[in-house]
Amino acid sequence: MLDKRPLLLAGVLCAAALSLGACAEKDQDGGRGRGTPEVGFITVKTEAVAVATELGGRTVAFESSEVRPQVGGIIRRRLFVEGGFVRAGQPLYQIDASLFKAAVDQASANVASAQASAAAAEEKARRLEPLARMQAVAEQDFTDARAQARVARASVAQNAAALETARINLRYATIAAPISGRIGRSLATPGALVSAGQADPLALIQRIDPIYVDMQQSSAELTRLRLALDNGSARPGGTSVRLRLEDGSDYGFAGTVEFSEMTVNEATGTVTLRARFPNPKGLLLPGMFVTALFDQATDPSAMLVPQPALQRDFDGSAFVYLVGADNKAERRKVVAARTSGTSWVVTDGLEPGERVITQGLGNLRQGASIRPVPASSPQRIGAPAAKGQAKDK
């Protein structure tokens with residue numbers, strides 16, 4: 001009996017070869033476009049984009065005052081808690097006031113004596129006045145009496161001023177807070193001798209709600225910005241400022257730019273900008289290093305390109321692929337020095353209306369044939385293969 005297995009095997013191989021040939025022929029004929037890569041593109045256009053500025057800065061107390069004695073003496077008591085909050089006018093130190101009280105008493109007695117002398121002088125001048133009209137006394141005596149009365153009144157005023165000075169010195173024996181805020185450690189203890197002209201303060205009070213942030217910007221950057229504003233290539237931005245703290249976290253409150261200095265620091269070549277921030281929780285302390293972020297200007301004619309679409313050469317220059325003529329990929333160098341959100345801001349190399357390839361960039365080459373579709377268009381996966389299988393059946 002003839003063995004049919006070799007014949008069956010040969011038939012299967014022949015059918016497989018015919019099937020592969022038919023598939024190859026289909027790829028060359030009926031499957032046109034399957035070898036052309038599909039790429040997604042966007043059409044670039046001009047739009048207004050904020051010019052973000054990032055500057056380093058340090059926090060500065062909104063108000064700061066050194067507590068200093070205005071009279072000399074021995075400190076008897078400290079009347080505040082170090083590190084606590086004090087209010088303007090609150091007593092902080094008590095200086096021995098014995099001498100000041102005695103000075104007040106002495107000045108008060110001098111005023112009383114001057115008032116008595118003035119009263120006697122005025123009474124004498126009053127009595128001599130009718131006698132002088134009758135020429136019963138010499139005119140010079142009456143003139144001297146009136147002058148003596150005026151001198152006595154002036155003496156009263158002088159002693160009254162001395163009394164007020166003594167009372168002020170007595171009041172200064174209690175050293176009060178000049179402003180409201182947080183007070184630091186005390187630099188003097190009870191028993192210390194203080195004087196009005198001493199170099200060291202007794203304590204420091206700082207108001208930190210609100211708080212300032214002083215930022216440093218190079219004069220060159222500021223000049224470029226002002227020139228751009230003058231020629232219309234940029235518009236003024238907002239005054240709102242955000243903060244990034246030393247640990248990289250964002251500060252929860254926005255601030256406002258208050259002003260910029262009118263002079264350039266000769267040592268650093270920078271200009272100081274000051275912003276004001278609310279600080280209700282006291283998180284920001286004077287002297288902290290922070291990073292300020294704000295939109296200093298707006299570019300009215302910027303072009304945005306998604307970050308995946310922009311690539312870099314070995315020399316660091318940027319380039320993108322465009323949908324060129326006849327659906328050919330075109331490699332184009334561009335200038336993109338900054339970002340805005342998830343996009344690059346292209347300032348040179350592109351024109352509005354050009355189509356930038358953003359998807360399918362893996363094996364793209366200059367002049368390669370492409371099949372462009374709008375970015376993120378849904379793809380039909382598996383439909384052509386299913387149709388071919390139905391035809392084979």
# chains A, B, ... in the order shown; residues from 1 in each chain; ligands from 1
$ residues_around --residues "A:Ile179" --least-positions-apart "2" --cutoff "12 Å" --atoms "only C-alpha atoms" --output "list in words"
Phe62, Glu63, Ser64, Ser65, Glu66, Val67, Phe85, Val86, Arg87, Ala88, Gly89, Gln90, Pro91, Leu92, Ala176, Ala177, Gly181, Arg182, Ile183, Leu204, Ile205, Gln206, Arg207 and Ile208 of chain A
$ write_last_selection --atoms "N, CA and C atoms" --output "PDB file, in the first residue's frame"
ATOM      1  N   PHE A  62       8.408  92.962  59.099  1.00  0.00           N
ATOM      2  CA  PHE A  62       7.624  94.111  58.656  1.00  0.00           C
ATOM      3  C   PHE A  62       7.968  95.354  59.479  1.00  0.00           C
ATOM      4  N   GLU A  63       8.133  95.174  60.780  1.00  0.00           N
ATOM      5  CA  GLU A  63       8.585  96.242  61.668  1.00  0.00           C
ATOM      6  C   GLU A  63       9.607  95.652  62.626  1.00  0.00           C
ATOM      7  N   SER A  64      10.613  96.430  62.956  1.00  0.00           N
ATOM      8  CA  SER A  64      11.647  95.971  63.875  1.00  0.00           C
ATOM      9  C   SER A  64      12.079  97.138  64.755  1.00  0.00           C
ATOM     10  N   SER A  65      12.196  96.891  66.063  1.00  0.00           N
ATOM     11  CA  SER A  65      12.556  97.955  66.992  1.00  0.00           C
ATOM     12  C   SER A  65      13.436  97.403  68.109  1.00  0.00           C
ATOM     13  N   GLU A  66      14.508  98.116  68.387  1.00  0.00           N
ATOM     14  CA  GLU A  66      15.373  97.763  69.512  1.00  0.00           C
ATOM     15  C   GLU A  66      14.863  98.452  70.781  1.00  0.00           C
ATOM     16  N   VAL A  67      14.800  97.689  71.838  1.00  0.00           N
ATOM     17  CA  VAL A  67      14.381  98.239  73.132  1.00  0.00           C
ATOM     18  C   VAL A  67      15.617  98.827  73.813  1.00  0.00           C
ATOM     19  N   PHE A  85       4.679  87.420  72.732  1.00  0.00           N
ATOM     20  CA  PHE A  85       4.126  88.554  71.982  1.00  0.00           C
ATOM     21  C   PHE A  85       3.877  89.696  72.953  1.00  0.00           C
ATOM     22  N   VAL A  86       4.340  90.885  72.595  1.00  0.00           N
ATOM     23  CA  VAL A  86       4.135  92.066  73.427  1.00  0.00           C
ATOM     24  C   VAL A  86       3.412  93.117  72.597  1.00  0.00           C
ATOM     25  N   ARG A  87       2.683  93.969  73.278  1.00  0.00           N
ATOM     26  CA  ARG A  87       1.944  95.035  72.610  1.00  0.00           C
ATOM     27  C   ARG A  87       2.607  96.382  72.877  1.00  0.00           C
ATOM     28  N   ALA A  88       2.411  97.298  71.932  1.00  0.00           N
ATOM     29  CA  ALA A  88       2.998  98.627  72.069  1.00  0.00           C
ATOM     30  C   ALA A  88       2.533  99.267  73.382  1.00  0.00           C
ATOM     31  N   GLY A  89       3.477  99.804  74.164  1.00  0.00           N
ATOM     32  CA  GLY A  89       3.165 100.436  75.445  1.00  0.00           C
ATOM     33  C   GLY A  89       3.240  99.489  76.623  1.00  0.00           C
ATOM     34  N   GLN A  90       3.394  98.196  76.364  1.00  0.00           N
ATOM     35  CA  GLN A  90       3.463  97.234  77.468  1.00  0.00           C
ATOM     36  C   GLN A  90       4.784  97.388  78.221  1.00  0.00           C
ATOM     37  N   PRO A  91       4.772  97.440  79.584  1.00  0.00           N
ATOM     38  CA  PRO A  91       6.028  97.552  80.354  1.00  0.00           C
ATOM     39  C   PRO A  91       6.910  96.320  80.159  1.00  0.00           C
ATOM     40  N   LEU A  92       8.208  96.561  79.947  1.00  0.00           N
ATOM     41  CA  LEU A  92       9.156  95.469  79.724  1.00  0.00           C
ATOM     42  C   LEU A  92      10.201  95.383  80.838  1.00  0.00           C
ATOM     43  N   ALA A 176       8.969 100.692  78.152  1.00  0.00           N
ATOM     44  CA  ALA A 176       7.807 100.088  77.497  1.00  0.00           C
ATOM     45  C   ALA A 176       8.154  99.653  76.078  1.00  0.00           C
ATOM     46  N   ALA A 177       7.324  98.761  75.533  1.00  0.00           N
ATOM     47  CA  ALA A 177       7.515  98.276  74.167  1.00  0.00           C
ATOM     48  C   ALA A 177       7.154  99.373  73.171  1.00  0.00           C
ATOM     49  N   GLY A 181       4.709  93.068  68.689  1.00  0.00           N
ATOM     50  CA  GLY A 181       5.371  92.013  67.940  1.00  0.00           C
ATOM     51  C   GLY A 181       5.976  90.982  68.864  1.00  0.00           C
ATOM     52  N   ARG A 182       6.774  90.091  68.262  1.00  0.00           N
ATOM     53  CA  ARG A 182       7.477  89.065  69.028  1.00  0.00           C
ATOM     54  C   ARG A 182       8.775  89.645  69.578  1.00  0.00           C
ATOM     55  N   ILE A 183       8.993  89.415  70.869  1.00  0.00           N
ATOM     56  CA  ILE A 183      10.209  89.909  71.504  1.00  0.00           C
ATOM     57  C   ILE A 183      11.180  88.751  71.674  1.00  0.00           C
ATOM     58  N   LEU A 204      15.044  92.894  71.351  1.00  0.00           N
ATOM     59  CA  LEU A 204      14.625  93.228  69.991  1.00  0.00           C
ATOM     60  C   LEU A 204      13.194  92.750  69.782  1.00  0.00           C
ATOM     61  N   ILE A 205      12.347  93.638  69.266  1.00  0.00           N
ATOM     62  CA  ILE A 205      10.950  93.303  68.960  1.00  0.00           C
ATOM     63  C   ILE A 205      10.784  93.345  67.448  1.00  0.00           C
ATOM     64  N   GLN A 206      10.143  92.300  66.890  1.00  0.00           N
ATOM     65  CA  GLN A 206       9.914  92.220  65.453  1.00  0.00           C
ATOM     66  C   GLN A 206       8.452  91.875  65.185  1.00  0.00           C
ATOM     67  N   ARG A 207       7.867  92.596  64.247  1.00  0.00           N
ATOM     68  CA  ARG A 207       6.515  92.287  63.795  1.00  0.00           C
ATOM     69  C   ARG A 207       6.636  91.486  62.508  1.00  0.00           C
ATOM     70  N   ILE A 208       6.109  90.269  62.502  1.00  0.00           N
ATOM     71  CA  ILE A 208       6.302  89.370  61.361  1.00  0.00           C
ATOM     72  C   ILE A 208       4.988  88.997  60.670  1.00  0.00           C
TER      73      ILE A 208
END
$ residues_around --residues "A:Ala121" --least-positions-apart "3" --cutoff "12 Å" --atoms "only C-alpha atoms" --output "PyMOL selection string"
chain A and resi 114-118+124-128+142-155
$ write_last_selection --atoms "N, CA, C and O atoms" --output "tab-separated table (two decimals), in the first residue's frame"
chain	number	residue	atom	x	y	z
A	114	ALA	N	8.01	129.33	93.04
A	114	ALA	CA	7.95	130.34	91.98
A	114	ALA	C	6.56	130.94	91.86
A	114	ALA	O	6.42	132.15	91.62
A	115	GLN	N	5.56	130.13	92.07
A	115	GLN	CA	4.18	130.66	92.01
A	115	GLN	C	3.93	131.65	93.13
A	115	GLN	O	3.28	132.71	92.94
A	116	ALA	N	4.47	131.35	94.33
A	116	ALA	CA	4.30	132.28	95.47
A	116	ALA	C	5.02	133.59	95.20
A	116	ALA	O	4.48	134.69	95.45
A	117	SER	N	6.23	133.52	94.69
A	117	SER	CA	6.99	134.74	94.38
A	117	SER	C	6.28	135.54	93.30
A	117	SER	O	6.23	136.79	93.35
A	118	ALA	N	5.73	134.86	92.33
A	118	ALA	CA	5.03	135.56	91.26
A	118	ALA	C	3.79	136.25	91.78
A	118	ALA	O	3.47	137.39	91.38
A	124	LYS	N	2.35	143.46	94.31
A	124	LYS	CA	3.09	144.72	94.50
A	124	LYS	C	2.89	145.65	93.32
A	124	LYS	O	2.66	146.87	93.49
A	125	ALA	N	2.96	145.07	92.09
A	125	ALA	CA	2.76	145.92	90.90
A	125	ALA	C	1.34	146.45	90.85
A	125	ALA	O	1.11	147.61	90.45
A	126	ARG	N	0.37	145.67	91.30
A	126	ARG	CA	-1.02	146.11	91.28
A	126	ARG	C	-1.22	147.28	92.24
A	126	ARG	O	-1.97	148.23	91.94
A	127	ARG	N	-0.59	147.22	93.41
A	127	ARG	CA	-0.76	148.29	94.40
A	127	ARG	C	-0.04	149.59	93.98
A	127	ARG	O	-0.49	150.69	94.31
A	128	LEU	N	1.06	149.46	93.30
A	128	LEU	CA	1.79	150.64	92.90
A	128	LEU	C	1.17	151.36	91.70
A	128	LEU	O	1.45	152.54	91.47
A	142	PHE	N	7.37	151.92	89.84
A	142	PHE	CA	6.26	151.15	89.25
A	142	PHE	C	6.73	150.29	88.07
A	142	PHE	O	6.33	149.14	87.93
A	143	THR	N	7.62	150.86	87.26
A	143	THR	CA	8.16	150.10	86.12
A	143	THR	C	8.94	148.88	86.62
A	143	THR	O	8.82	147.78	86.09
A	144	ASP	N	9.75	149.06	87.65
A	144	ASP	CA	10.52	147.93	88.21
A	144	ASP	C	9.60	146.87	88.78
A	144	ASP	O	9.87	145.66	88.67
A	145	ALA	N	8.51	147.27	89.40
A	145	ALA	CA	7.58	146.30	89.98
A	145	ALA	C	6.91	145.46	88.90
A	145	ALA	O	6.73	144.24	89.06
A	146	ARG	N	6.51	146.11	87.81
A	146	ARG	CA	5.89	145.34	86.72
A	146	ARG	C	6.90	144.36	86.10
A	146	ARG	O	6.56	143.23	85.78
A	147	ALA	N	8.14	144.80	85.94
A	147	ALA	CA	9.17	143.91	85.39
A	147	ALA	C	9.41	142.74	86.33
A	147	ALA	O	9.57	141.59	85.89
A	148	GLN	N	9.42	143.00	87.61
A	148	GLN	CA	9.63	141.92	88.58
A	148	GLN	C	8.49	140.91	88.53
A	148	GLN	O	8.70	139.71	88.67
A	149	ALA	N	7.27	141.38	88.29
A	149	ALA	CA	6.13	140.47	88.18
A	149	ALA	C	6.25	139.58	86.95
A	149	ALA	O	5.96	138.37	86.99
A	150	ARG	N	6.73	140.17	85.83
A	150	ARG	CA	6.90	139.36	84.62
A	150	ARG	C	8.01	138.33	84.82
A	150	ARG	O	7.91	137.20	84.36
A	151	VAL	N	9.07	138.71	85.49
A	151	VAL	CA	10.16	137.76	85.78
A	151	VAL	C	9.65	136.62	86.64
A	151	VAL	O	9.99	135.44	86.44
A	152	ALA	N	8.81	136.93	87.59
A	152	ALA	CA	8.26	135.89	88.47
A	152	ALA	C	7.38	134.91	87.68
A	152	ALA	O	7.42	133.70	87.92
A	153	ARG	N	6.58	135.46	86.74
A	153	ARG	CA	5.75	134.56	85.93
A	153	ARG	C	6.62	133.65	85.04
A	153	ARG	O	6.32	132.48	84.85
A	154	ALA	N	7.71	134.21	84.50
A	154	ALA	CA	8.61	133.39	83.69
A	154	ALA	C	9.27	132.30	84.53
A	154	ALA	O	9.48	131.17	84.07
A	155	SER	N	9.58	132.63	85.76
A	155	SER	CA	10.19	131.64	86.66
A	155	SER	C	9.21	130.49	86.93
A	155	SER	O	9.61	129.33	87.02
$ select_by_dssp --residues "stretch 120-246 of chain A" --states "strand (DSSP E)" --output "count of residues only"
31
$ residues_around --residues "stretch 361-377 of chain A" --least-positions-apart "6" --cutoff "10 Å" --atoms "only C-alpha atoms" --output "PyMOL selection string"
chain A and resi 33-43+308-309+311+320-332+355
$ write_last_selection --atoms "C-alpha atoms" --output "CSV table (one decimal), in the first residue's frame"
chain,number,residue,atom,x,y,z
A,33,GLY,CA,0.3,52.7,3.4
A,34,ARG,CA,1.0,50.0,6.0
A,35,GLY,CA,4.7,50.7,5.7
A,36,THR,CA,4.3,54.5,6.2
A,37,PRO,CA,4.4,55.5,9.9
A,38,GLU,CA,1.5,57.4,11.3
A,39,VAL,CA,2.4,60.5,13.3
A,40,GLY,CA,0.3,62.9,15.4
A,41,PHE,CA,0.8,66.7,15.0
A,42,ILE,CA,-0.4,70.0,16.4
A,43,THR,CA,-0.8,73.3,14.6
A,308,PRO,CA,7.9,65.6,24.1
A,309,ALA,CA,8.0,67.3,20.6
A,311,GLN,CA,14.5,67.3,21.1
A,320,VAL,CA,11.5,69.7,16.2
A,321,TYR,CA,10.0,67.7,13.3
A,322,LEU,CA,7.4,69.3,11.1
A,323,VAL,CA,4.9,67.9,8.6
A,324,GLY,CA,6.5,69.1,5.4
A,325,ALA,CA,5.5,69.2,1.8
A,326,ASP,CA,4.2,65.9,0.3
A,327,ASN,CA,3.8,64.6,3.8
A,328,LYS,CA,7.6,64.4,4.4
A,329,ALA,CA,9.2,64.8,7.8
A,330,GLU,CA,11.1,68.1,8.1
A,331,ARG,CA,13.7,68.6,10.8
A,332,ARG,CA,13.8,72.3,12.0
A,355,ARG,CA,2.3,71.5,11.9
$ atom_distance --atom1 "atom CA of A:Ala173" --atom2 "atom CA of A:Asp200"
17.6 Å
$ atom_distance --atom1 "atom CA of A:Ile168" --atom2 "atom CA of A:Gln70"
10.1 Å
$ closest_residue --among "A:Asn159, A:Gln217, A:Thr223, A:Thr298" --to "A:Arg274" --atoms "only C-alpha atoms"
A:Gln217
$ residues_around --residues "stretch 239-244 of chain A" --least-positions-apart "5" --cutoff "12 Å" --atoms "only C-alpha atoms" --output "VMD selection string"
chain A and resid 52 to 59 212 to 215 249 to 260 273 to 278 284 288 to 297
$ closest_residue --among "A:Val71, A:Ala112, A:Ala119, A:Ala103" --to "A:Val194" --atoms "only C-alpha atoms"
A:Val71
$ residues_around --residues "A:Glu82" --least-positions-apart "3" --cutoff "7 Å" --atoms "only C-alpha atoms" --output "list of chain:residue names"
A:Ile183, A:Gly184, A:Arg185, A:Ser186
$ closest_residue --among "A:Val51, A:Ala132, A:Val264, A:Val44" --to "A:Val356" --atoms "only C-alpha atoms"
A:Val44
$ residues_around --residues "A:Ser343" --least-positions-apart "6" --cutoff "9 Å" --atoms "only C-alpha atoms" --output "NGL selection string"
:A and (304-308)
$ write_last_selection --atoms "N, CA and C atoms" --output "compact mmCIF listing (two decimals), in the first residue's frame"
# COMPACT_ATOMS: atom_id res chain seq x y z
N LEU A 304 3.65 77.84 21.76
CA LEU A 304 3.87 76.74 22.69
C LEU A 304 3.98 75.42 21.93
N VAL A 305 4.97 74.63 22.31
CA VAL A 305 5.18 73.30 21.73
C VAL A 305 5.26 72.32 22.89
N PRO A 306 4.47 71.23 22.86
CA PRO A 306 4.55 70.25 23.96
C PRO A 306 5.98 69.77 24.17
N GLN A 307 6.34 69.54 25.39
CA GLN A 307 7.71 69.16 25.71
C GLN A 307 8.18 67.89 24.99
N PRO A 308 7.35 66.83 24.81
CA PRO A 308 7.85 65.65 24.09
C PRO A 308 8.23 65.93 22.64
$ closest_residue --among "A:Pro300, A:Gly349, A:Gly73, A:Pro201" --to "A:Ala188" --atoms "only C-alpha atoms"
A:Pro201
